[in-house]
file target39.tsv (TSV, C-alpha atoms)
chain	number	residue	atom	x	y	z
X	299	MET	CA	97.24	14.89	218.04
X	300	ALA	CA	95.50	18.18	218.88
X	301	GLN	CA	92.99	19.46	216.37
X	302	LYS	CA	94.26	22.31	214.24
X	303	MET	CA	92.41	25.63	214.18
X	304	LYS	CA	90.69	26.13	210.85
X	305	THR	CA	91.99	29.45	209.55
X	306	ALA	CA	90.84	31.72	206.74
X	307	VAL	CA	93.10	34.31	205.14
X	308	LEU	CA	91.71	37.53	203.63
X	309	VAL	CA	93.82	39.26	200.98
X	310	SER	CA	93.72	42.05	198.42
X	311	GLY	CA	96.88	41.72	196.36
X	312	GLY	CA	99.95	39.61	195.71
X	313	GLY	CA	99.67	37.47	198.82
X	314	THR	CA	103.28	37.54	200.03
X	315	ASN	CA	102.14	37.26	203.65
X	316	LEU	CA	99.83	34.41	202.66
X	317	GLN	CA	102.84	32.70	201.10
X	318	ALA	CA	104.81	33.22	204.31
X	319	LEU	CA	102.04	31.40	206.19
X	320	ILE	CA	101.89	28.56	203.65
X	321	ASP	CA	105.68	28.15	203.79
X	322	SER	CA	105.75	28.23	207.60
X	323	ILE	CA	103.13	25.49	207.76
X	324	ASP	CA	105.07	23.44	205.19
X	325	ARG	CA	108.26	23.82	207.28
X	326	GLY	CA	106.47	22.69	210.42
X	327	GLU	CA	106.84	26.05	212.17
X	328	VAL	CA	103.07	26.52	212.38
X	329	THR	CA	101.53	23.31	213.69
X	330	SER	CA	98.35	24.49	215.42
X	331	ALA	CA	96.57	26.00	212.40
X	332	GLU	CA	95.46	24.83	208.97
X	333	LEU	CA	94.47	27.15	206.14
X	334	VAL	CA	90.97	26.20	205.01
X	335	CYS	CA	90.18	29.07	202.62
X	336	VAL	CA	91.45	32.28	201.09
X	337	ILE	CA	89.16	35.19	200.21
X	338	ALA	CA	90.19	38.14	198.05
X	339	ASN	CA	88.22	41.32	197.50
X	340	LYS	CA	89.78	41.76	194.05
X	341	GLU	CA	89.32	39.42	191.08
X	342	ASN	CA	92.92	39.72	189.90
X	343	ALA	CA	94.63	39.26	193.29
X	344	TYR	CA	97.62	36.97	192.70
X	345	ALA	CA	97.09	35.62	196.22
X	346	LEU	CA	94.25	33.53	194.78
X	347	GLU	CA	96.74	31.75	192.52
X	348	ARG	CA	99.08	31.15	195.47
X	349	ALA	CA	96.19	29.59	197.39
X	350	ARG	CA	95.19	27.33	194.52
X	351	LYS	CA	98.78	26.15	194.02
X	352	ALA	CA	98.80	25.18	197.70
X	353	GLY	CA	95.49	23.34	197.36
X	354	ILE	CA	93.55	25.84	199.48
X	355	PRO	CA	89.97	26.72	198.43
X	356	ALA	CA	90.05	30.31	197.17
X	357	LYS	CA	87.38	32.78	196.13
X	358	ALA	CA	87.19	36.39	194.93
X	359	ILE	CA	84.25	38.35	196.33
X	360	THR	CA	83.77	41.80	194.85
X	361	ALA	CA	80.12	42.50	195.66
X	362	ASN	CA	78.11	42.06	198.87
X	363	PHE	CA	81.44	41.26	200.47
X	364	GLU	CA	80.40	40.80	204.08
X	365	GLU	CA	77.39	38.61	203.36
X	366	GLU	CA	79.17	36.46	200.77
X	367	ALA	CA	82.33	36.19	202.85
X	368	LEU	CA	80.44	35.09	205.96
X	369	THR	CA	78.70	32.38	203.95
X	370	PHE	CA	82.00	31.09	202.51
X	371	LEU	CA	83.73	31.26	205.91
X	372	LYS	CA	80.98	29.12	207.43
X	373	GLU	CA	81.09	26.67	204.53
X	374	CYS	CA	84.83	26.23	205.12
X	375	GLY	CA	84.40	25.91	208.88
X	376	ALA	CA	86.73	28.85	209.56
X	377	GLU	CA	87.33	29.48	213.26
X	378	LEU	CA	89.99	32.17	212.91
X	379	ILE	CA	90.64	34.90	210.31
X	380	VAL	CA	93.99	36.35	209.30
X	381	LEU	CA	94.04	39.65	207.40
X	382	ALA	CA	97.20	39.41	205.30
X	383	GLY	CA	97.40	42.49	203.13
X	384	PHE	CA	93.64	42.97	203.16
X	385	LEU	CA	93.07	46.60	202.21
X	386	SER	CA	89.44	47.06	203.25
X	387	ILE	CA	87.74	47.70	206.56
X	388	LEU	CA	85.64	44.79	207.77
X	389	GLY	CA	81.97	45.34	208.54
X	390	LYS	CA	80.33	44.78	211.91
X	391	GLY	CA	78.82	41.45	210.85
X	392	ILE	CA	82.18	39.73	210.44
X	393	LEU	CA	83.68	41.57	213.42
X	394	SER	CA	80.82	40.35	215.60
X	395	ALA	CA	80.82	36.77	214.28
X	396	TYR	CA	84.59	36.47	214.82
X	397	LYS	CA	85.11	38.67	217.88
X	398	ASP	CA	88.69	38.31	219.16
X	399	ARG	CA	89.28	35.74	216.41
X	400	ILE	CA	90.59	38.07	213.68
X	401	ILE	CA	94.24	39.10	213.49
X	402	ASN	CA	95.88	41.60	211.15
X	403	ILE	CA	99.44	42.39	210.04
X	404	HIS	CA	100.20	46.12	209.75
X	405	PRO	CA	103.47	47.44	208.26
X	406	SER	CA	104.47	49.82	211.06
X	407	LEU	CA	105.05	49.86	214.79
X	408	ILE	CA	101.55	50.71	216.03
X	409	PRO	CA	100.57	53.27	217.32
X	410	SER	CA	102.84	55.04	214.80
X	411	PHE	CA	101.74	55.35	211.16
X	412	CYS	CA	98.44	53.54	211.48
X	413	GLY	CA	94.69	54.14	211.22
X	414	LYS	CA	92.63	55.32	208.28
X	415	GLY	CA	94.68	56.08	205.17
X	416	TYR	CA	97.74	54.19	206.42
X	417	TYR	CA	97.99	51.09	204.26
X	418	GLY	CA	100.36	49.55	201.73
X	419	LEU	CA	103.07	51.80	200.33
X	420	HIS	CA	101.50	54.90	201.94
X	421	VAL	CA	102.80	53.75	205.33
X	422	HIS	CA	106.39	53.62	204.16
X	423	GLU	CA	106.11	56.95	202.36
X	424	LYS	CA	104.99	58.57	205.61
X	425	VAL	CA	107.75	56.86	207.60
X	426	LEU	CA	110.37	58.34	205.26
X	427	GLU	CA	108.68	61.77	205.24
X	428	TYR	CA	108.74	61.87	209.03
X	429	GLY	CA	112.38	60.80	209.23
X	430	VAL	CA	112.10	58.14	211.94
X	431	LYS	CA	115.02	55.75	212.43
X	432	LEU	CA	112.97	52.67	213.25
X	433	THR	CA	109.88	51.19	211.69
X	434	GLY	CA	108.63	47.61	211.56
X	435	ALA	CA	105.46	45.57	211.67
X	436	THR	CA	102.70	44.74	214.13
X	437	VAL	CA	100.28	41.84	214.45
X	438	HIS	CA	97.15	42.77	216.38
X	439	PHE	CA	93.62	41.62	217.02
X	440	VAL	CA	91.07	43.42	214.86
X	441	SER	CA	88.50	45.66	216.50
X	442	GLU	CA	86.06	48.28	215.22
X	443	GLU	CA	88.80	50.90	215.63
X	444	VAL	CA	91.08	50.73	212.57
X	445	ASP	CA	94.47	49.34	213.69
X	446	GLY	CA	93.30	49.83	217.26
X	447	GLY	CA	93.02	46.26	218.53
X	448	VAL	CA	95.20	44.57	221.15
X	449	ILE	CA	98.79	44.05	219.98
X	450	ILE	CA	100.09	40.47	219.82
X	451	ALA	CA	103.59	40.93	218.36
X	452	GLN	CA	105.89	43.59	216.95
X	453	LYS	CA	109.30	43.58	215.28
X	454	SER	CA	111.41	46.60	214.45
X	455	VAL	CA	113.37	47.32	211.26
X	456	GLN	CA	116.05	49.94	210.71
X	457	VAL	CA	115.25	52.82	208.34
X	458	ARG	CA	118.24	53.66	206.12
X	459	HIS	CA	119.12	57.08	204.72
X	460	ASP	CA	118.93	55.88	201.11
X	461	ASP	CA	115.63	54.00	201.45
X	462	THR	CA	112.81	54.50	198.98
X	463	PRO	CA	109.26	53.52	199.98
X	464	GLU	CA	109.55	50.41	197.79
X	465	ILE	CA	112.89	49.31	199.25
X	466	LEU	CA	111.68	49.92	202.80
X	467	GLN	CA	108.43	48.06	202.13
X	468	LYS	CA	110.37	45.01	200.92
X	469	ARG	CA	112.70	45.03	203.94
X	470	VAL	CA	109.83	45.38	206.41
X	471	MET	CA	108.10	42.42	204.78
X	472	GLU	CA	111.20	40.22	204.76
X	473	GLU	CA	112.58	41.13	208.20
X	474	ALA	CA	109.35	41.67	210.15
X	475	GLU	CA	106.03	40.75	208.53
X	476	TRP	CA	107.03	37.29	207.29
X	477	VAL	CA	108.58	36.54	210.69
X	478	ILE	CA	105.95	37.67	213.18
X	479	LEU	CA	102.74	36.80	211.29
X	480	PRO	CA	103.37	33.01	211.29
X	481	ARG	CA	104.52	33.20	214.93
X	482	ALA	CA	101.40	35.10	215.95
X	483	LEU	CA	99.15	32.68	214.07
X	484	GLU	CA	100.73	29.75	215.89
X	485	LEU	CA	100.35	31.44	219.28
X	486	VAL	CA	96.69	32.34	218.71
X	487	ALA	CA	95.76	28.99	217.14
X	488	ALA	CA	97.44	27.13	220.01
X	489	GLY	CA	95.35	29.09	222.51
X	490	ARG	CA	98.42	30.71	224.04
X	491	VAL	CA	97.20	34.31	223.75
X	492	GLN	CA	94.83	35.83	226.30
X	493	ILE	CA	93.44	39.35	226.09
X	494	GLN	CA	93.58	41.13	229.42
X	495	GLY	CA	92.39	44.72	229.05
X	496	ARG	CA	94.68	46.36	226.50
X	497	MET	CA	97.32	43.64	226.77
X	498	ALA	CA	97.81	40.32	225.02
X	499	VAL	CA	99.30	37.91	227.53
X	500	ILE	CA	101.36	35.12	225.95
X	501	ASN	CA	101.30	31.83	227.85
X	502	GLU	CA	104.59	29.98	227.40

call {"tool": "encode", "arguments": {"input": "target39.tsv", "output": "structure tokens"}}
result
Amino acid sequence: MAQKMKTAVLVSGGGTNLQALIDSIDRGEVTSAELVCVIANKENAYALERARKAGIPAKAITANFEEEALTFLKECGAELIVLAGFLSILGKGILSAYKDRIINIHPSLIPSFCGKGYYGLHVHEKVLEYGVKLTGATVHFVSEEVDGGVIIAQKSVQVRHDDTPEILQKRVMEEAEWVILPRALELVAAGRVQIQGRMAVINE
């Protein structure tokens, strides 16, 4: 049996995307990755509780984040990092140590509604303000440019006339984020994604 890629998940809040990954692994949909640790940048992040319930080592790091996180990642043997609702910008140390081995889920169809200031509920507020008919989610590799890395997967979601930011956020999570993040993790962990220029080529 092929060795599974040791994967760390970085979170800031409730951890619904983390739960989607845990559930996908439990269902046998993700077979090429194992979750070896969860790191939160907030002490009260419920994602930490989700990790502990699943038997995954979990730690909150609120000071000297980059240095402490790198130490914990190495202790856990992490080879790949998933940002799953992680609401901070990573420093150059982690970006360099895990070049092309960090993926992020963003709640819009990049390049729309992304970059600095576009995170969490703010994204959905802006989508509704602008009046677009389609939104969705994107999984991409992380680079020094915020939300600017190579795109791995996207899935669109209809915007409805009576949506509120909260309702739209929930639908984007359920119909897009929880679907494409596990798929993207499996593809990357299985070595089926190659970066060629600005494109991610998926090997079937």

call {"tool": "closest_residue", "arguments": {"input": "target39.tsv", "among": "X:Ala306, X:Leu319, X:Val437, X:Cys335", "to": "X:Pro480", "atoms": "all atoms listed in the file"}}
result
X:Leu319

call {"tool": "closest_atom_pairs", "arguments": {"input": "target39.tsv", "of": "stretch 408-499 of chain X", "to": "stretch 380-395 of chain X", "cutoff": "12 Å", "atoms": "all atoms listed in the file", "output": "CSV"}}
result
residue,atom,partner,partner_atom,distance
X:Gly413,CA,X:Ile387,CA,10.6
X:Lys414,CA,X:Ile387,CA,9.2
X:Gly415,CA,X:Leu385,CA,10.1
X:Tyr416,CA,X:Leu385,CA,9.9
X:Tyr417,CA,X:Leu385,CA,7.0
X:Gly418,CA,X:Gly383,CA,7.8
X:Leu419,CA,X:Gly383,CA,11.3
X:His420,CA,X:Leu385,CA,11.8
X:Thr436,CA,X:Ala382,CA,11.7
X:Val437,CA,X:Leu381,CA,9.7
X:His438,CA,X:Leu381,CA,10.0
X:Phe439,CA,X:Val380,CA,9.4
X:Val440,CA,X:Leu393,CA,7.8
X:Ser441,CA,X:Leu393,CA,7.0
X:Glu442,CA,X:Leu393,CA,7.3
X:Glu443,CA,X:Ile387,CA,9.7
X:Val444,CA,X:Ile387,CA,7.5
X:Asp445,CA,X:Ile387,CA,9.9
X:Gly447,CA,X:Leu393,CA,11.6
X:Met471,CA,X:Gly383,CA,10.8
X:Glu475,CA,X:Ala382,CA,9.5
X:Trp476,CA,X:Ala382,CA,10.3
X:Ile478,CA,X:Ala382,CA,11.9
X:Leu479,CA,X:Ala382,CA,8.6
X:Pro480,CA,X:Val380,CA,10.2
X:Ala482,CA,X:Val380,CA,10.0
X:Leu483,CA,X:Val380,CA,7.9
X:Glu484,CA,X:Val380,CA,11.5
X:Val486,CA,X:Val380,CA,10.6
X:Ala487,CA,X:Val380,CA,10.9

call {"tool": "closest_residue", "arguments": {"input": "target39.tsv", "among": "X:Val328, X:Ala488, X:Asn342, X:Val336", "to": "X:Cys374", "atoms": "all atoms listed in the file"}}
result
X:Val336

call {"tool": "atom_distance", "arguments": {"input": "target39.tsv", "atom1": "atom CA of X:Val455", "atom2": "atom CA of X:Leu432"}}
result
5.7 Å

call {"tool": "closest_residue", "arguments": {"input": "target39.tsv", "among": "X:Gln317, X:Ser330, X:Thr360, X:Ser310", "to": "X:Ala343", "atoms": "only C-alpha atoms"}}
result
X:Ser310

call {"tool": "closest_residue", "arguments": {"input": "target39.tsv", "among": "X:Met497, X:Val477, X:Val425, X:Ala300", "to": "X:Asp321", "atoms": "all atoms listed in the file"}}
result
X:Val477

call {"tool": "atom_distance", "arguments": {"input": "target39.tsv", "atom1": "atom CA of X:Lys351", "atom2": "atom CA of X:Thr329"}}
result
20.1 Å

call {"tool": "closest_residue", "arguments": {"input": "target39.tsv", "among": "X:Gln492, X:Ser454, X:Ser322, X:Thr369", "to": "X:Lys357", "atoms": "all atoms listed in the file"}}
result
X:Thr369

call {"tool": "residues_around", "arguments": {"input": "target39.tsv", "residues": "X:Arg348", "least_positions_apart": "6", "cutoff": "10 Å", "atoms": "all atoms listed in the file", "output": "list in words"}}
result
Gly312, Gly313, Thr314, Leu316, Gln317, Ile320, Val336, Ile354 and Ala356 of chain X

call {"tool": "write_last_selection", "arguments": {"input": "target39.tsv", "atoms": "C-alpha atoms", "output": "PDB file, keeping the file's coordinate frame"}}
result
ATOM      1  CA  GLY X 312      99.950  39.610 195.710  1.00  0.00           C
ATOM      2  CA  GLY X 313      99.670  37.470 198.820  1.00  0.00           C
ATOM      3  CA  THR X 314     103.280  37.540 200.030  1.00  0.00           C
ATOM      4  CA  LEU X 316      99.830  34.410 202.660  1.00  0.00           C
ATOM      5  CA  GLN X 317     102.840  32.700 201.100  1.00  0.00           C
ATOM      6  CA  ILE X 320     101.890  28.560 203.650  1.00  0.00           C
ATOM      7  CA  VAL X 336      91.450  32.280 201.090  1.00  0.00           C
ATOM      8  CA  ILE X 354      93.550  25.840 199.480  1.00  0.00           C
ATOM      9  CA  ALA X 356      90.050  30.310 197.170  1.00  0.00           C
TER      10      ALA X 356
END

call {"tool": "axis_aligned_box", "arguments": {"input": "target39.tsv", "around": "stretch 324-329 of chain X", "padding_each_side": "3 Å", "output": "lines of an AutoDock Vina configuration file"}}
result
center_x = 104.9
center_y = 24.6
center_z = 209.4
size_x = 12.7
size_y = 9.8
size_z = 14.5

call {"tool": "closest_residue", "arguments": {"input": "target39.tsv", "among": "X:Ile359, X:Ile493, X:Ile450, X:Val309", "to": "X:Asp398", "atoms": "all atoms listed in the file"}}
result
X:Ile493

call {"tool": "atom_distance", "arguments": {"input": "target39.tsv", "atom1": "atom CA of X:Glu427", "atom2": "atom CA of X:Asn315"}}
result
25.4 Å

call {"tool": "residues_around", "arguments": {"input": "target39.tsv", "residues": "X:Asp461", "least_positions_apart": "5", "cutoff": "12 Å", "atoms": "only C-alpha atoms", "output": "list in words"}}
result
His422, Glu423, Val425, Leu426, Glu427, Gly429, Val430, Lys431, Gln456, Leu466, Gln467, Lys468, Arg469 and Val470 of chain X

call {"tool": "build_atoms", "arguments": {"input": "target39.tsv", "residues": "stretch 341-375 of chain X", "atoms": "N, CA and C atoms", "output": "PDB file, in the frame of the given file"}}
result
ATOM      1  N   GLU X 341      89.314  40.564 191.992  1.00  0.00           N
ATOM      2  CA  GLU X 341      89.320  39.420 191.080  1.00  0.00           C
ATOM      3  C   GLU X 341      90.729  39.004 190.662  1.00  0.00           C
ATOM      4  N   ASN X 342      91.599  40.009 190.462  1.00  0.00           N
ATOM      5  CA  ASN X 342      92.920  39.720 189.900  1.00  0.00           C
ATOM      6  C   ASN X 342      94.002  39.580 190.966  1.00  0.00           C
ATOM      7  N   ALA X 343      93.636  39.408 192.225  1.00  0.00           N
ATOM      8  CA  ALA X 343      94.630  39.260 193.290  1.00  0.00           C
ATOM      9  C   ALA X 343      95.453  37.990 193.058  1.00  0.00           C
ATOM     10  N   TYR X 344      96.764  38.135 192.944  1.00  0.00           N
ATOM     11  CA  TYR X 344      97.620  36.970 192.700  1.00  0.00           C
ATOM     12  C   TYR X 344      97.602  36.001 193.874  1.00  0.00           C
ATOM     13  N   ALA X 345      97.209  36.492 195.041  1.00  0.00           N
ATOM     14  CA  ALA X 345      97.090  35.620 196.220  1.00  0.00           C
ATOM     15  C   ALA X 345      96.174  34.432 195.949  1.00  0.00           C
ATOM     16  N   LEU X 346      95.169  34.621 195.111  1.00  0.00           N
ATOM     17  CA  LEU X 346      94.250  33.530 194.780  1.00  0.00           C
ATOM     18  C   LEU X 346      95.005  32.388 194.079  1.00  0.00           C
ATOM     19  N   GLU X 347      95.931  32.758 193.218  1.00  0.00           N
ATOM     20  CA  GLU X 347      96.740  31.750 192.520  1.00  0.00           C
ATOM     21  C   GLU X 347      97.657  31.027 193.507  1.00  0.00           C
ATOM     22  N   ARG X 348      98.233  31.769 194.449  1.00  0.00           N
ATOM     23  CA  ARG X 348      99.080  31.150 195.470  1.00  0.00           C
ATOM     24  C   ARG X 348      98.281  30.114 196.275  1.00  0.00           C
ATOM     25  N   ALA X 349      97.051  30.492 196.621  1.00  0.00           N
ATOM     26  CA  ALA X 349      96.190  29.590 197.390  1.00  0.00           C
ATOM     27  C   ALA X 349      95.903  28.315 196.598  1.00  0.00           C
ATOM     28  N   ARG X 350      95.543  28.484 195.343  1.00  0.00           N
ATOM     29  CA  ARG X 350      95.190  27.330 194.520  1.00  0.00           C
ATOM     30  C   ARG X 350      96.382  26.389 194.324  1.00  0.00           C
ATOM     31  N   LYS X 351      97.567  26.978 194.158  1.00  0.00           N
ATOM     32  CA  LYS X 351      98.780  26.150 194.020  1.00  0.00           C
ATOM     33  C   LYS X 351      99.030  25.327 195.270  1.00  0.00           C
ATOM     34  N   ALA X 352      98.609  25.881 196.419  1.00  0.00           N
ATOM     35  CA  ALA X 352      98.800  25.180 197.700  1.00  0.00           C
ATOM     36  C   ALA X 352      97.626  24.280 198.039  1.00  0.00           C
ATOM     37  N   GLY X 353      96.637  24.202 197.134  1.00  0.00           N
ATOM     38  CA  GLY X 353      95.490  23.340 197.360  1.00  0.00           C
ATOM     39  C   GLY X 353      94.485  23.888 198.359  1.00  0.00           C
ATOM     40  N   ILE X 354      94.462  25.200 198.521  1.00  0.00           N
ATOM     41  CA  ILE X 354      93.550  25.840 199.480  1.00  0.00           C
ATOM     42  C   ILE X 354      92.360  26.425 198.703  1.00  0.00           C
ATOM     43  N   PRO X 355      91.131  26.124 199.099  1.00  0.00           N
ATOM     44  CA  PRO X 355      89.970  26.720 198.430  1.00  0.00           C
ATOM     45  C   PRO X 355      90.070  28.248 198.438  1.00  0.00           C
ATOM     46  N   ALA X 356      89.868  28.864 197.284  1.00  0.00           N
ATOM     47  CA  ALA X 356      90.050  30.310 197.170  1.00  0.00           C
ATOM     48  C   ALA X 356      88.901  30.923 196.375  1.00  0.00           C
ATOM     49  N   LYS X 357      88.531  32.141 196.763  1.00  0.00           N
ATOM     50  CA  LYS X 357      87.380  32.780 196.130  1.00  0.00           C
ATOM     51  C   LYS X 357      87.582  34.292 196.115  1.00  0.00           C
ATOM     52  N   ALA X 358      87.225  34.918 194.999  1.00  0.00           N
ATOM     53  CA  ALA X 358      87.190  36.390 194.930  1.00  0.00           C
ATOM     54  C   ALA X 358      85.748  36.833 195.156  1.00  0.00           C
ATOM     55  N   ILE X 359      85.582  37.795 196.045  1.00  0.00           N
ATOM     56  CA  ILE X 359      84.250  38.350 196.330  1.00  0.00           C
ATOM     57  C   ILE X 359      84.344  39.855 196.153  1.00  0.00           C
ATOM     58  N   THR X 360      83.658  40.372 195.156  1.00  0.00           N
ATOM     59  CA  THR X 360      83.770  41.800 194.850  1.00  0.00           C
ATOM     60  C   THR X 360      82.468  42.561 195.065  1.00  0.00           C
ATOM     61  N   ALA X 361      81.398  41.851 195.372  1.00  0.00           N
ATOM     62  CA  ALA X 361      80.120  42.500 195.660  1.00  0.00           C
ATOM     63  C   ALA X 361      79.485  41.820 196.871  1.00  0.00           C
ATOM     64  N   ASN X 362      78.718  42.595 197.643  1.00  0.00           N
ATOM     65  CA  ASN X 362      78.110  42.060 198.870  1.00  0.00           C
ATOM     66  C   ASN X 362      79.138  41.310 199.696  1.00  0.00           C
ATOM     67  N   PHE X 363      80.290  41.972 199.910  1.00  0.00           N
ATOM     68  CA  PHE X 363      81.440  41.260 200.470  1.00  0.00           C
ATOM     69  C   PHE X 363      81.131  40.588 201.800  1.00  0.00           C
ATOM     70  N   GLU X 364      80.577  41.352 202.734  1.00  0.00           N
ATOM     71  CA  GLU X 364      80.400  40.800 204.080  1.00  0.00           C
ATOM     72  C   GLU X 364      79.481  39.577 204.076  1.00  0.00           C
ATOM     73  N   GLU X 365      78.360  39.703 203.394  1.00  0.00           N
ATOM     74  CA  GLU X 365      77.390  38.610 203.360  1.00  0.00           C
ATOM     75  C   GLU X 365      77.975  37.371 202.678  1.00  0.00           C
ATOM     76  N   GLU X 366      78.598  37.583 201.514  1.00  0.00           N
ATOM     77  CA  GLU X 366      79.170  36.460 200.770  1.00  0.00           C
ATOM     78  C   GLU X 366      80.351  35.832 201.509  1.00  0.00           C
ATOM     79  N   ALA X 367      81.165  36.695 202.125  1.00  0.00           N
ATOM     80  CA  ALA X 367      82.330  36.190 202.850  1.00  0.00           C
ATOM     81  C   ALA X 367      81.911  35.356 204.063  1.00  0.00           C
ATOM     82  N   LEU X 368      80.929  35.840 204.800  1.00  0.00           N
ATOM     83  CA  LEU X 368      80.440  35.090 205.960  1.00  0.00           C
ATOM     84  C   LEU X 368      79.921  33.712 205.551  1.00  0.00           C
ATOM     85  N   THR X 369      79.214  33.658 204.439  1.00  0.00           N
ATOM     86  CA  THR X 369      78.700  32.380 203.950  1.00  0.00           C
ATOM     87  C   THR X 369      79.847  31.426 203.620  1.00  0.00           C
ATOM     88  N   PHE X 370      80.865  31.929 202.911  1.00  0.00           N
ATOM     89  CA  PHE X 370      82.000  31.090 202.510  1.00  0.00           C
ATOM     90  C   PHE X 370      82.819  30.660 203.738  1.00  0.00           C
ATOM     91  N   LEU X 371      82.996  31.585 204.683  1.00  0.00           N
ATOM     92  CA  LEU X 371      83.730  31.260 205.910  1.00  0.00           C
ATOM     93  C   LEU X 371      83.053  30.115 206.667  1.00  0.00           C
ATOM     94  N   LYS X 372      81.727  30.181 206.732  1.00  0.00           N
ATOM     95  CA  LYS X 372      80.980  29.120 207.430  1.00  0.00           C
ATOM     96  C   LYS X 372      81.064  27.803 206.675  1.00  0.00           C
ATOM     97  N   GLU X 373      80.984  27.883 205.343  1.00  0.00           N
ATOM     98  CA  GLU X 373      81.090  26.670 204.530  1.00  0.00           C
ATOM     99  C   GLU X 373      82.438  25.972 204.751  1.00  0.00           C
ATOM    100  N   CYS X 374      83.472  26.772 204.942  1.00  0.00           N
ATOM    101  CA  CYS X 374      84.830  26.230 205.120  1.00  0.00           C
ATOM    102  C   CYS X 374      85.127  25.880 206.581  1.00  0.00           C
ATOM    103  N   GLY X 375      84.205  26.211 207.468  1.00  0.00           N
ATOM    104  CA  GLY X 375      84.400  25.910 208.880  1.00  0.00           C
ATOM    105  C   GLY X 375      85.433  26.785 209.563  1.00  0.00           C
TER     106      GLY X 375
END
